[in-house]
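Participant: So here's work.txt, just compact mmCIF, C-alpha atoms:
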```
# COMPACT_ATOMS: atom_id res chain seq x y z
CA MET A 668 -12.79 94.38 -1.58
CA PHE A 669 -13.50 90.70 -0.91
CA ALA A 670 -16.14 88.75 -2.81
CA GLU A 671 -18.82 86.71 -1.08
CA PRO A 672 -17.65 83.06 -0.92
CA PRO A 673 -19.62 80.79 -3.26
CA THR A 674 -21.93 78.29 -1.61
CA ALA A 675 -20.27 74.87 -1.44
CA SER A 676 -21.76 72.73 -4.22
CA GLY A 677 -20.67 69.36 -2.82
CA THR A 678 -18.99 68.40 -6.12
CA VAL A 679 -15.32 67.40 -6.11
CA HIS A 680 -13.14 67.06 -9.23
CA TRP A 681 -10.26 64.65 -8.48
CA ILE A 682 -7.57 65.29 -11.11
CA GLY A 683 -5.13 62.41 -11.66
CA THR A 684 -5.04 58.81 -10.45
CA GLY A 685 -1.36 58.14 -9.80
CA ARG A 686 0.24 56.15 -6.98
CA SER A 687 -0.84 58.62 -4.31
CA THR A 688 -4.56 58.12 -4.98
CA GLY A 689 -5.65 55.75 -2.23
CA ARG A 690 -8.68 53.58 -1.66
CA THR A 691 -9.24 54.73 1.93
CA GLY A 692 -9.20 58.45 1.18
CA LEU A 693 -11.04 58.44 -2.12
CA GLY A 694 -13.63 55.97 -0.81
CA LEU A 695 -14.32 58.24 2.16
CA LEU A 696 -14.66 61.22 -0.18
CA CYS A 697 -17.26 59.30 -2.20
CA ASP A 698 -19.15 58.78 1.06
CA GLN A 699 -19.01 62.43 2.08
CA ALA A 700 -19.32 64.45 -1.14
CA LYS A 701 -22.51 64.76 -3.15
CA ARG A 702 -20.62 64.03 -6.35
CA VAL A 703 -17.06 62.92 -7.15
CA ILE A 704 -15.69 63.16 -10.70
CA VAL A 705 -12.32 61.51 -11.38
CA TRP A 706 -10.33 62.89 -14.31
CA ASP A 707 -7.45 61.11 -16.08
CA ARG A 708 -5.83 61.12 -19.50
CA THR A 709 -8.68 58.94 -20.75
CA ARG A 710 -12.00 57.86 -19.30
CA GLU A 711 -10.90 54.23 -19.62
CA ARG A 712 -7.74 54.86 -17.61
CA ALA A 713 -9.76 56.56 -14.88
CA ARG A 714 -12.23 53.68 -14.77
CA SER A 715 -9.43 51.10 -14.67
CA ARG A 716 -7.79 52.83 -11.71
CA LEU A 717 -11.09 53.18 -9.86
CA SER A 718 -11.86 49.51 -10.53
CA SER A 719 -8.53 48.50 -8.98
CA LEU A 720 -9.55 50.48 -5.89
CA GLY A 721 -13.04 48.96 -5.80
CA LEU A 722 -14.61 52.38 -6.48
CA ALA A 723 -15.61 52.23 -10.16
CA GLU A 724 -19.33 52.58 -9.45
CA ARG A 725 -18.96 55.28 -6.83
CA ALA A 726 -17.38 58.07 -8.86
CA GLU A 727 -17.85 59.44 -12.36
CA GLN A 728 -14.98 59.26 -14.85
CA ARG A 729 -13.84 61.81 -17.40
CA SER A 730 -11.09 62.30 -20.00
CA LEU A 731 -8.99 65.27 -18.95
CA SER A 732 -8.58 68.35 -21.11
CA ARG A 733 -8.64 71.97 -20.07
CA ASP A 734 -11.75 72.72 -22.12
CA SER A 735 -13.74 69.76 -20.80
CA LEU A 736 -12.72 70.44 -17.20
CA GLU A 737 -13.50 74.14 -17.48
CA ALA A 738 -16.90 73.32 -18.94
CA GLU A 739 -17.87 71.12 -15.99
CA VAL A 740 -16.52 73.07 -13.01
CA ARG A 741 -19.14 75.19 -11.26
CA PRO A 742 -18.91 77.84 -8.51
CA GLY A 743 -18.44 76.19 -5.12
CA ASP A 744 -16.93 73.00 -6.57
CA VAL A 745 -13.57 71.75 -5.28
CA ILE A 746 -10.70 70.94 -7.66
CA VAL A 747 -8.22 68.44 -6.18
CA SER A 748 -4.92 68.22 -8.05
CA MET A 749 -3.06 64.92 -7.83
CA LEU A 750 -0.88 65.96 -10.77
CA PRO A 751 2.80 66.95 -10.51
CA ALA A 752 3.43 70.20 -8.66
CA THR A 753 4.27 72.03 -11.89
CA GLU A 754 0.64 71.59 -12.98
CA HIS A 755 -0.92 73.11 -9.85
CA PRO A 756 -0.76 76.82 -10.78
CA ALA A 757 -2.65 76.25 -14.05
CA LEU A 758 -5.35 74.27 -12.27
CA LEU A 759 -5.60 76.91 -9.56
CA ARG A 760 -6.02 79.60 -12.19
CA LEU A 761 -8.80 77.52 -13.74
CA ALA A 762 -10.42 77.14 -10.32
CA LEU A 763 -10.22 80.90 -9.81
CA SER A 764 -11.85 81.57 -13.19
CA ARG A 765 -14.71 79.20 -12.30
CA ARG A 766 -14.98 80.37 -8.65
CA ALA A 767 -14.07 76.94 -7.35
CA HIS A 768 -11.98 75.96 -4.34
CA PHE A 769 -8.64 74.15 -4.77
CA ALA A 770 -6.64 71.52 -2.86
CA CYS A 771 -3.35 69.69 -3.35
CA THR A 772 -0.68 67.96 -1.26
CA SER A 773 2.36 69.87 -2.56
CA TYR A 774 4.42 72.65 -1.01
CA THR A 775 3.18 76.22 -1.46
CA SER A 776 5.46 77.39 -4.25
CA ALA A 777 5.91 81.11 -4.94
CA GLU A 778 3.88 80.76 -8.15
CA LEU A 779 1.08 78.93 -6.36
CA ALA A 780 1.04 81.52 -3.57
CA ALA A 781 0.80 84.38 -6.08
CA VAL A 782 -2.30 82.89 -7.70
CA ALA A 783 -3.73 81.99 -4.28
CA ASN A 784 -3.73 85.65 -3.26
CA ALA A 785 -6.24 86.36 -6.01
CA ALA A 786 -8.30 83.35 -4.91
CA SER A 787 -8.46 84.77 -1.40
CA THR A 788 -9.87 88.05 -2.70
CA ALA A 789 -12.47 86.02 -4.60
CA GLY A 790 -13.59 84.33 -1.38
CA LEU A 791 -12.12 80.92 -2.28
CA VAL A 792 -10.27 78.35 -0.18
CA VAL A 793 -6.85 77.14 -1.34
CA LEU A 794 -5.53 74.13 0.57
CA THR A 795 -1.89 73.07 0.15
CA GLU A 796 0.61 70.87 2.02
CA ALA A 797 -2.18 68.50 3.02
CA GLY A 798 -0.68 65.07 2.39
CA LEU A 799 1.95 63.04 4.22
CA ASP A 800 5.09 65.17 3.96
CA PRO A 801 4.15 67.96 3.75
CA GLY A 802 0.97 67.40 5.70
CA ILE A 803 0.88 64.96 8.60
CA ASP A 804 4.37 66.10 9.60
CA HIS A 805 2.97 69.63 10.04
CA LEU A 806 0.27 68.29 12.36
CA MET A 807 2.82 66.51 14.54
CA ALA A 808 5.08 69.55 14.69
CA HIS A 809 2.30 71.94 15.72
CA GLN A 810 1.14 69.58 18.45
CA LEU A 811 4.60 68.99 19.93
CA ILE A 812 5.64 72.65 19.86
CA GLU A 813 2.41 73.83 21.48
CA ARG A 814 2.56 71.16 24.20
CA ALA A 815 6.16 72.05 25.00
CA ARG A 816 5.43 75.79 24.97
CA ARG A 817 2.63 75.32 27.49
CA ASP A 818 4.95 73.36 29.79
CA VAL A 819 8.29 75.19 29.50
CA GLY A 820 7.16 78.63 28.33
CA ASP A 821 8.36 80.88 25.54
CA THR A 822 12.05 80.83 26.50
CA ALA A 823 14.38 77.85 26.36
CA THR A 824 18.15 77.54 26.39
CA THR A 825 18.48 74.63 23.95
CA VAL A 826 15.85 73.20 21.60
CA ASP A 827 16.29 70.32 19.17
CA PHE A 828 13.62 69.64 16.54
CA THR A 829 13.80 66.94 13.89
CA SER A 830 11.22 65.68 11.40
CA TYR A 831 12.05 62.76 9.11
CA CYS A 832 9.78 60.98 6.66
CA GLY A 833 10.30 58.26 4.08
CA GLY A 834 8.57 55.73 1.91
CA VAL A 835 10.65 52.56 2.07
CA PRO A 836 10.23 48.89 1.13
CA ALA A 837 8.44 46.90 3.83
CA GLN A 838 11.06 44.23 3.15
CA PRO A 839 14.31 46.03 2.25
CA ASN A 840 15.92 44.99 -1.03
CA ASP A 841 19.56 45.35 -2.11
CA PHE A 842 18.82 48.88 -3.39
CA ARG A 843 17.17 49.76 -0.06
CA TYR A 844 14.37 51.56 -1.90
CA ARG A 845 11.27 51.16 -4.07
CA PHE A 846 10.09 54.11 -6.15
CA SER A 847 6.77 55.46 -4.89
CA TRP A 848 7.00 58.42 -7.28
CA SER A 849 8.90 59.42 -10.43
CA PRO A 850 12.52 58.10 -10.38
CA TYR A 851 13.59 61.26 -12.18
CA GLY A 852 11.92 63.34 -9.50
CA VAL A 853 13.77 61.40 -6.81
CA LEU A 854 17.13 62.01 -8.49
CA THR A 855 16.54 65.71 -9.13
CA ALA A 856 15.46 66.17 -5.50
CA LEU A 857 18.84 64.78 -4.44
CA GLY A 858 20.52 67.47 -6.51
CA SER A 859 18.73 70.29 -4.66
CA SER A 860 20.50 71.89 -1.70
CA ALA A 861 19.12 71.72 1.84
CA ARG A 862 19.18 74.39 4.57
CA TYR A 863 18.83 73.56 8.24
CA VAL A 864 20.06 74.39 11.74
CA GLU A 865 22.69 72.25 13.44
CA ASN A 866 24.77 73.02 16.53
CA GLY A 867 23.00 76.36 16.71
CA GLU A 868 24.15 77.46 13.25
CA GLN A 869 22.42 77.69 9.87
CA ARG A 870 23.93 75.23 7.44
CA THR A 871 23.56 74.44 3.76
CA ALA A 872 24.17 71.00 2.28
CA GLU A 873 24.69 71.44 -1.45
CA ARG A 874 24.54 67.66 -1.77
CA PRO A 875 22.07 66.60 0.93
CA TRP A 876 23.09 62.93 0.91
CA GLU A 877 26.54 63.94 2.17
CA ALA A 878 24.84 64.93 5.46
CA THR A 879 23.38 61.42 5.92
CA ARG A 880 23.46 60.15 9.50
CA PRO A 881 22.04 57.14 11.40
CA LEU A 882 18.72 57.24 13.24
CA VAL A 883 17.42 54.55 15.57
CA LEU A 884 13.69 54.19 16.24
CA GLY A 885 13.03 51.67 18.94
CA GLU A 886 15.52 48.95 18.00
CA GLU A 887 15.44 49.56 14.24
CA ALA A 888 18.16 51.45 12.39
CA PHE A 889 17.53 53.92 9.55
CA GLU A 890 19.47 56.61 7.72
CA VAL A 891 18.31 60.24 7.41
CA TYR A 892 19.43 63.39 5.64
CA PRO A 893 18.16 67.01 5.45
CA ASN A 894 15.79 67.89 2.63
CA ARG A 895 14.81 71.21 1.00
CA ASP A 896 14.79 74.39 3.12
CA SER A 897 13.85 73.79 6.76
CA LEU A 898 14.20 77.40 7.90
CA PRO A 899 10.80 78.82 6.82
CA PHE A 900 9.09 76.20 8.97
CA VAL A 901 10.47 77.73 12.16
CA THR A 902 7.91 80.50 11.66
CA GLN A 903 5.24 78.29 10.10
CA TYR A 904 5.28 75.97 13.13
CA GLY A 905 5.09 78.87 15.58
CA VAL A 906 8.40 78.22 17.32
CA PRO A 907 8.67 80.86 20.10
CA SER A 908 11.27 83.50 19.35
CA GLY A 909 12.72 82.94 22.83
CA TRP A 910 13.66 79.33 22.07
CA ARG A 911 17.33 78.95 21.11
CA LEU A 912 17.35 76.38 18.33
CA ALA A 913 20.34 74.07 18.46
CA THR A 914 18.81 71.77 15.82
CA PHE A 915 16.00 72.28 13.34
CA ILE A 916 15.91 69.73 10.53
CA ARG A 917 13.18 68.50 8.23
CA GLY A 918 14.49 65.60 6.20
CA THR A 919 14.15 62.25 4.48
CA LEU A 920 14.31 58.78 6.01
CA ARG A 921 15.71 55.68 4.29
CA ASN A 922 16.45 52.06 5.18
CA GLU A 923 19.81 51.36 6.78
CA GLY A 924 22.40 50.72 4.05
CA TRP A 925 20.84 53.17 1.60
CA TYR A 926 23.86 55.47 1.52
CA THR A 927 26.18 52.65 0.46
CA ALA A 928 23.71 51.13 -2.02
CA TRP A 929 23.27 54.47 -3.83
CA THR A 930 26.96 55.31 -4.36
CA ASP A 931 26.74 55.10 -8.17
CA VAL A 932 23.56 57.20 -8.15
CA PHE A 933 25.28 59.93 -6.16
CA ASP A 934 28.15 60.00 -8.66
CA THR A 935 25.73 60.63 -11.51
CA VAL A 936 23.76 63.32 -9.64
CA ARG A 937 27.01 65.00 -8.59
CA ALA A 938 28.19 65.21 -12.21
CA GLY A 939 25.01 67.12 -13.09
CA ASP A 940 24.67 65.78 -16.65
CA GLU A 941 20.92 66.03 -17.40
CA VAL A 942 21.05 63.37 -20.12
CA ARG A 943 22.81 60.91 -17.84
CA ILE A 944 20.42 61.63 -14.97
CA ARG A 945 17.37 60.96 -17.15
CA ALA A 946 18.96 57.79 -18.53
CA LEU A 947 19.75 56.56 -15.01
CA ALA A 948 16.19 57.32 -13.86
CA ALA A 949 14.82 55.16 -16.69
CA GLU A 950 17.33 52.40 -15.93
CA LEU A 951 16.45 52.36 -12.23
CA ALA A 952 12.73 52.26 -13.00
CA ASN A 953 13.32 49.13 -15.09
CA ARG A 954 15.75 47.55 -12.65
CA TYR A 955 13.58 48.09 -9.56
CA PRO A 956 9.96 48.04 -10.77
CA THR A 957 7.18 48.26 -8.24
CA THR A 958 4.95 45.21 -8.71
CA ASP A 959 1.59 44.20 -7.26
CA ALA A 960 3.42 41.83 -4.92
CA ASP A 961 5.56 44.59 -3.37
CA ARG A 962 4.55 46.08 -0.03
CA ASP A 963 5.71 49.54 0.92
CA ARG A 964 6.08 51.17 4.29
CA VAL A 965 5.80 54.79 5.45
CA VAL A 966 7.77 55.96 8.47
CA LEU A 967 7.36 59.51 9.78
CA THR A 968 8.95 60.58 13.04
CA VAL A 969 8.95 64.03 14.64
CA GLU A 970 10.86 64.74 17.86
CA LEU A 971 11.21 67.81 20.03
CA THR A 972 13.61 68.07 22.96
CA VAL A 973 14.03 71.06 25.29
CA ARG A 974 17.01 71.35 27.62
CA ASP A 975 17.81 73.79 30.41
CA SER A 976 20.98 75.85 30.90
CA ASP A 977 22.71 72.87 32.53
CA GLY A 978 22.01 70.65 29.53
CA ALA A 979 19.45 68.50 31.35
CA THR A 980 16.31 67.51 29.43
CA CYS A 981 13.26 69.30 30.79
CA TRP A 982 10.80 68.25 28.06
CA ARG A 983 10.81 65.67 25.29
CA GLY A 984 8.06 64.55 22.98
CA THR A 985 7.97 62.30 19.93
CA GLN A 986 5.33 61.28 17.43
CA LEU A 987 5.63 58.30 15.10
CA LEU A 988 3.60 57.13 12.13
CA ASP A 989 4.58 53.66 10.90
CA VAL A 990 2.28 52.11 8.28
CA SER A 991 2.78 49.20 5.89
CA GLY A 992 0.83 48.67 2.71
CA ASP A 993 -1.30 45.63 1.93
CA ALA A 994 -2.96 44.04 -1.10
CA ALA A 995 -5.79 46.59 -1.04
CA GLU A 996 -3.74 49.79 -0.79
CA SER A 997 -0.16 51.02 -0.56
CA ALA A 998 0.95 52.77 2.60
CA MET A 999 1.97 55.83 0.58
CA ALA A 1000 -1.43 56.16 -1.12
CA ARG A 1001 -3.20 55.79 2.20
CA CYS A 1002 -1.02 58.31 4.02
CA VAL A 1003 -1.20 60.92 1.25
CA SER A 1004 -4.87 60.65 0.27
CA LEU A 1005 -6.49 60.37 3.68
CA PRO A 1006 -5.32 63.72 5.15
CA LEU A 1007 -6.00 65.40 1.82
CA VAL A 1008 -9.57 64.10 1.83
CA GLY A 1009 -9.92 65.24 5.43
CA GLY A 1010 -9.03 68.74 4.29
CA VAL A 1011 -11.41 68.60 1.33
CA ILE A 1012 -14.23 67.54 3.65
CA ARG A 1013 -13.48 70.59 5.80
CA ILE A 1014 -13.76 72.75 2.67
CA LEU A 1015 -17.12 71.13 1.84
CA ASP A 1016 -18.28 71.81 5.41
CA GLY A 1017 -17.19 75.46 5.23
CA ALA A 1018 -14.76 74.87 8.11
CA LEU A 1019 -11.65 76.41 6.49
CA PRO A 1020 -11.21 80.16 6.05
CA VAL A 1021 -10.81 81.70 2.61
CA GLY A 1022 -7.27 82.09 1.34
CA VAL A 1023 -4.30 79.81 1.70
CA ASN A 1024 -4.55 77.00 4.25
CA ARG A 1025 -2.00 74.30 5.00
CA ALA A 1026 -2.75 71.00 6.71
CA ALA A 1027 -2.89 72.94 9.96
CA GLU A 1028 -1.97 76.47 10.92
CA THR A 1029 -2.52 76.04 14.67
CA ALA A 1030 -2.23 73.31 17.29
CA ASP A 1031 -6.01 73.26 17.78
CA GLU A 1032 -6.54 72.70 14.07
CA ALA A 1033 -3.84 70.01 14.10
CA ASP A 1034 -5.75 68.24 16.88
CA ARG A 1035 -8.87 68.15 14.69
CA TRP A 1036 -6.95 66.68 11.76
CA MET A 1037 -5.24 64.10 13.98
CA ASP A 1038 -8.58 63.03 15.42
CA PHE A 1039 -9.85 62.56 11.86
CA LEU A 1040 -6.85 60.40 10.91
CA LYS A 1041 -7.24 58.27 14.01
CA GLU A 1042 -10.96 57.85 13.40
CA HIS A 1043 -10.24 56.52 9.93
CA GLY A 1044 -7.51 54.07 10.86
CA LEU A 1045 -4.27 56.03 10.62
CA PRO A 1046 -2.95 56.05 14.19
CA VAL A 1047 0.04 58.03 15.40
CA THR A 1048 2.10 56.80 18.35
CA SER A 1049 2.74 59.71 20.70
CA HIS A 1050 5.19 59.84 23.60
CA CYS A 1051 4.84 63.16 25.36
CA PRO A 1052 4.56 64.25 28.98
CA PRO A 1053 1.04 65.44 29.80
CA THR A 1054 0.74 69.21 29.82
CA ASN A 1055 1.56 70.58 33.31
CA SER A 1056 2.49 67.06 34.41
CA ASP A 1057 3.55 66.46 38.02
CA ASP A 1058 5.48 63.40 36.82
CA PRO A 1059 8.82 64.98 35.84
CA LEU A 1060 11.21 63.68 33.19
CA ASN A 1061 14.48 62.30 34.42
CA GLU A 1062 17.83 63.62 33.24
CA ARG A 1063 17.70 61.51 30.05
CA GLY A 1064 14.27 62.83 29.19
CA GLU A 1065 12.48 59.55 29.94
CA ARG A 1066 9.38 59.11 32.01
CA SER A 1067 10.26 58.45 35.64
CA LYS A 1068 8.21 55.22 35.51
CA GLY A 1069 10.23 53.91 32.59
CA GLU A 1070 7.66 54.63 29.88
CA ALA A 1071 8.91 53.41 26.51
CA ARG A 1072 9.64 56.00 23.84
CA HIS A 1073 10.86 56.27 20.27
CA GLY A 1074 13.76 58.58 19.47
CA ALA A 1075 17.09 59.05 17.80
```
Transcribe the structure of this file into structure tokens.

Facilitator:
Amino acid sequence: MFAEPPTASGTVHWIGTGRSTGRTGLGLLCDQAKRVIVWDRTRERARSRLSSLGLAERAEQRSLSRDSLEAEVRPGDVIVSMLPATEHPALLRLALSRRAHFACTSYTSAELAAVANAASTAGLVVLTEAGLDPGIDHLMAHQLIERARRDVGDTATTVDFTSYCGGVPAQPNDFRYRFSWSPYGVLTALGSSARYVENGEQRTAERPWEATRPLVLGEEAFEVYPNRDSLPFVTQYGVPSGWRLATFIRGTLRNEGWYTAWTDVFDTVRAGDEVRIRALAAELANRYPTTDADRDRVVLTVELTVRDSDGATCWRGTQLLDVSGDAAESAMARCVSLPLVGGVIRILDGALPVGVNRAAETADEADRWMDFLKEHGLPVTSHCPPTNSDDPLNERGERSKGEARHGA
């Protein structure tokens, strides 16, 4: 039996103020919500972070403890977790106990999904995968797959899908990277295997960096490699069962030269010594600190190509997000916080169904999120043939009038 959903209170509890908390997203939330309470280790730390974003007078600040948070959360509130993914299940359980909704940007782990099932029964909304990657990449994928399906149908001889995202220095350094999140987290992620489809076969890269390959966008060269497990997203993105997947890869993008610059890092990760990995993470954080003068860049590219039985391209679409940070806000904070806030606003408006929601579950929902991002200054460059177009693609998959496109 399902409980009646609590009436949305309009109060949002924003937990954590790390590098992914952005001025654009949080400022918009302060405009839209009745009340925003920002929680950090201390009230002073929360106020300092809000002051740096120009938002100190627009949100309340609190010192975070379970007891104090539990005492303030009311039915119909929204808890937003900007803490590490390992902290999400505990916060979701707290939300469930207080009959509050929950949102985060992280992947839907098995533990998070198990708690979310109970939240669904209680009539609560649980929003996950609502940041940059995962998040905006899901929106792009849903849009491209649906547009192609409408044009070519539910059967296709050869389909190639790639999705690559990375936070990189706006001006590449000798290390070809600036840490936008925990250095230790970056190194441990490298040590996790990746599953994907290549040449029509499922593959596993035990050391993902060994599958690094070049990628050219426009006239700019990058390096990419598979990340995590791509295979569940075939179903999540609604890929028709009649499409024969030659390639299906979700992965990470880096500046050209990254593979060579990280040789010593790979040696340490390969050895698997936890003490050495932690020591290297601390050393790299000190050697390549992110300062106020640094400017980051986010590049996210999703491409879908469909070919016929003769190998000729019958449909190709790409979407590209390319954003650089400025003195007011990093690109990473902007690209993570804004879609998350868009999702929270939809919770406040009662526009998301109870249970687990990701950034978008359908192409129509992805369109709504993309419109929101565009409205608030996060444009995506799209190169796709119009649905049911009479202007066919040539053999190379380009527009017959020579329309420019981004692609590998």

Participant: May I ask which of the residues A:Leu854, A:Leu806, A:Ala786, A:Val969 is the closest one to Thr935 (chain A), counting all atoms listed in the file?

Facilitator: A:Leu854

Participant: When distances are computed from all atoms listed in the file, which of A:Thr927, A:Asp896, A:Gly802, A:Thr824 shows the smallest separation from Ala979 (chain A)?

Facilitator: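 Residue with the minimum atom-to-atom distance to Ala979 (chain A): A:Thr824.
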
Participant: Using only C-alpha atoms, find each residue in region 743-807 of chain A having at least one atom no more than 12 Å away from region 702-712 of chain A; report its shortest atom-to-atom pair and that distance in Å (one decimal), rows by chain then rising number, as a Markdown table.

Facilitator:
```
| residue | atom | partner | partner_atom | distance |
| --- | --- | --- | --- | --- |
| A:Asp744 | CA | A:Arg702 | CA | 9.7 |
| A:Val745 | CA | A:Val703 | CA | 9.7 |
| A:Ile746 | CA | A:Ile704 | CA | 9.7 |
| A:Val747 | CA | A:Val705 | CA | 9.6 |
| A:Ser748 | CA | A:Trp706 | CA | 9.8 |
| A:Met749 | CA | A:Trp706 | CA | 9.9 |
| A:Leu750 | CA | A:Asp707 | CA | 9.7 |
```

Participant: Provide the CA of Asn866 (chain A) to CA of Thr914 (chain A) distance in Å, to one decimal place.

Facilitator: 6.1 Å

Participant: My list of candidates is A:Ala777, A:Gly820, A:Leu759, A:Phe846. Which is closest to Ala949 (chain A) when distances are computed with only C-alpha atoms?

Facilitator: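 Checking each of A:Ala777, A:Gly820, A:Leu759, A:Phe846 against Ala949 (chain A), counting only C-alpha atoms, the winner is A:Phe846.
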
Participant: Neighbouring residues of Arg714 (chain A) were defined as those with any atom within 12 Å, considering all atoms listed in the file; residues of the same chain fewer than 5 positions away were excluded. Please report them as a PyMOL selection string.

Facilitator: chain A and resi 683-684+704-709+719-730

Participant: Work out where the centre of an axis-aligned box around every listed atom of region 862-869 of chain A lies and how long its edges are once 4 Å is added on each side; give both in Å to one decimal as JSON.

Facilitator:
```
{"center_x": 21.8, "center_y": 75.0, "center_z": 10.6, "size_x": 13.9, "size_y": 13.4, "size_z": 20.1}
```

Participant: Report, in Å with one decimal, the straight-line distance from CA of Ala700 (chain A) to CA of Val792 (chain A).

Facilitator: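 Taking CA of Ala700 (chain A) and CA of Val792 (chain A), their separation equals 16.6 Å.
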
Participant: Given the choices A:Leu791, A:Val864, A:Ala948, A:Val891, which gets closest to Leu912 (chain A) if the distance is worked out from all atoms listed in the file?

Facilitator: A:Val864

Participant: Identify which of the residues A:Arg1001, A:Arg1025, A:Arg937, A:Arg845 lies closest to Leu794 (chain A), counting all atoms listed in the file when measuring atom-to-atom distances.

Facilitator: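 Among the listed residues, the smallest separation from Leu794 (chain A) belongs to A:Arg1025.
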
Participant: Quick one: residues within 12 Å of (1.1, 78.2, -4.7) (file frame), counting all atoms listed in the file, please, as number ranges by chain.

Facilitator: A: 752-760, 769-786, 793-796, 1022-1025

Participant: Fewer than 2 positions away in the same chain doesn't count, so skip those; otherwise give me all residues within 9 Å of region 1026-1034 of chain A, counting all atoms listed in the file, as an MDAnalysis selection string.

Facilitator: chainID A and resid 772 794:798 801:803 805:814 903:905 1006:1007 1010 1024 1036:1039

Participant: Which residue is closest to Ala789 (chain A)? Choose from A:Glu671, A:Arg917, A:Ile1012, A:Asp698 and count all atoms listed in the file.

Facilitator: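 Closest to Ala789 (chain A) of all the choices is A:Glu671.
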
Participant: Kindly extract all protein, DNA and RNA residues lying within 12 Å of the coordinates (19.3, 66.2, 11.7) given in the file, considering only C-alpha atoms, and supply them as a ChimeraX atom specification.

Facilitator: /A:827-832,861-867,870,872,875-876,878-882,890-894,897,913-920,968-971,1075

Participant: Would you compute the distance between CA of Cys1051 (chain A) and CA of Ala888 (chain A)? Give it in Å to one decimal.

Facilitator: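 Atom-to-atom, CA of Cys1051 (chain A) and CA of Ala888 (chain A) are spaced 22.0 Å apart.
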
Participant: Using only C-alpha atoms, which residues sit within 12 Å of Ala998 (chain A) once same-chain residues fewer than 4 positions away are excluded, as a PyMOL selection string?

Facilitator: chain A and resi 686-692+799+833-837+847+961-967+988-994+1002-1005+1044-1045

Participant: Can you take the partial region 812-825 of chain A, add N, CA and C atoms, and return it as a tab-separated table (two decimals), keeping the file's coordinate frame?

Facilitator:
```tsv
chain	number	residue	atom	x	y	z
A	812	ILE	N	5.15	71.32	19.50
A	812	ILE	CA	5.64	72.65	19.86
A	812	ILE	C	4.68	73.34	20.82
A	813	GLU	N	3.38	73.21	20.58
A	813	GLU	CA	2.41	73.83	21.48
A	813	GLU	C	2.43	73.18	22.85
A	814	ARG	N	2.53	71.85	22.91
A	814	ARG	CA	2.56	71.16	24.20
A	814	ARG	C	3.80	71.57	24.99
A	815	ALA	N	4.94	71.65	24.32
A	815	ALA	CA	6.16	72.05	25.00
A	815	ALA	C	6.08	73.51	25.46
A	816	ARG	N	5.53	74.37	24.61
A	816	ARG	CA	5.43	75.79	24.97
A	816	ARG	C	4.58	75.97	26.21
A	817	ARG	N	3.49	75.21	26.32
A	817	ARG	CA	2.63	75.32	27.49
A	817	ARG	C	3.35	74.87	28.76
A	818	ASP	N	4.25	73.90	28.62
A	818	ASP	CA	4.95	73.36	29.79
A	818	ASP	C	6.19	74.15	30.18
A	819	VAL	N	7.00	74.56	29.18
A	819	VAL	CA	8.29	75.19	29.50
A	819	VAL	C	8.28	76.69	29.25
A	820	GLY	N	7.24	77.20	28.58
A	820	GLY	CA	7.16	78.63	28.33
A	820	GLY	C	7.78	79.04	27.01
A	821	ASP	N	7.90	80.34	26.82
A	821	ASP	CA	8.36	80.88	25.54
A	821	ASP	C	9.85	81.15	25.49
A	822	THR	N	10.59	80.73	26.53
A	822	THR	CA	12.05	80.83	26.50
A	822	THR	C	12.64	79.47	26.82
A	823	ALA	N	13.70	79.13	26.13
A	823	ALA	CA	14.38	77.85	26.36
A	823	ALA	C	15.82	77.97	25.89
A	824	THR	N	16.72	77.40	26.67
A	824	THR	CA	18.15	77.54	26.39
A	824	THR	C	18.56	76.74	25.16
A	825	THR	N	18.09	75.50	25.06
A	825	THR	CA	18.48	74.63	23.95
A	825	THR	C	17.27	73.85	23.48
```
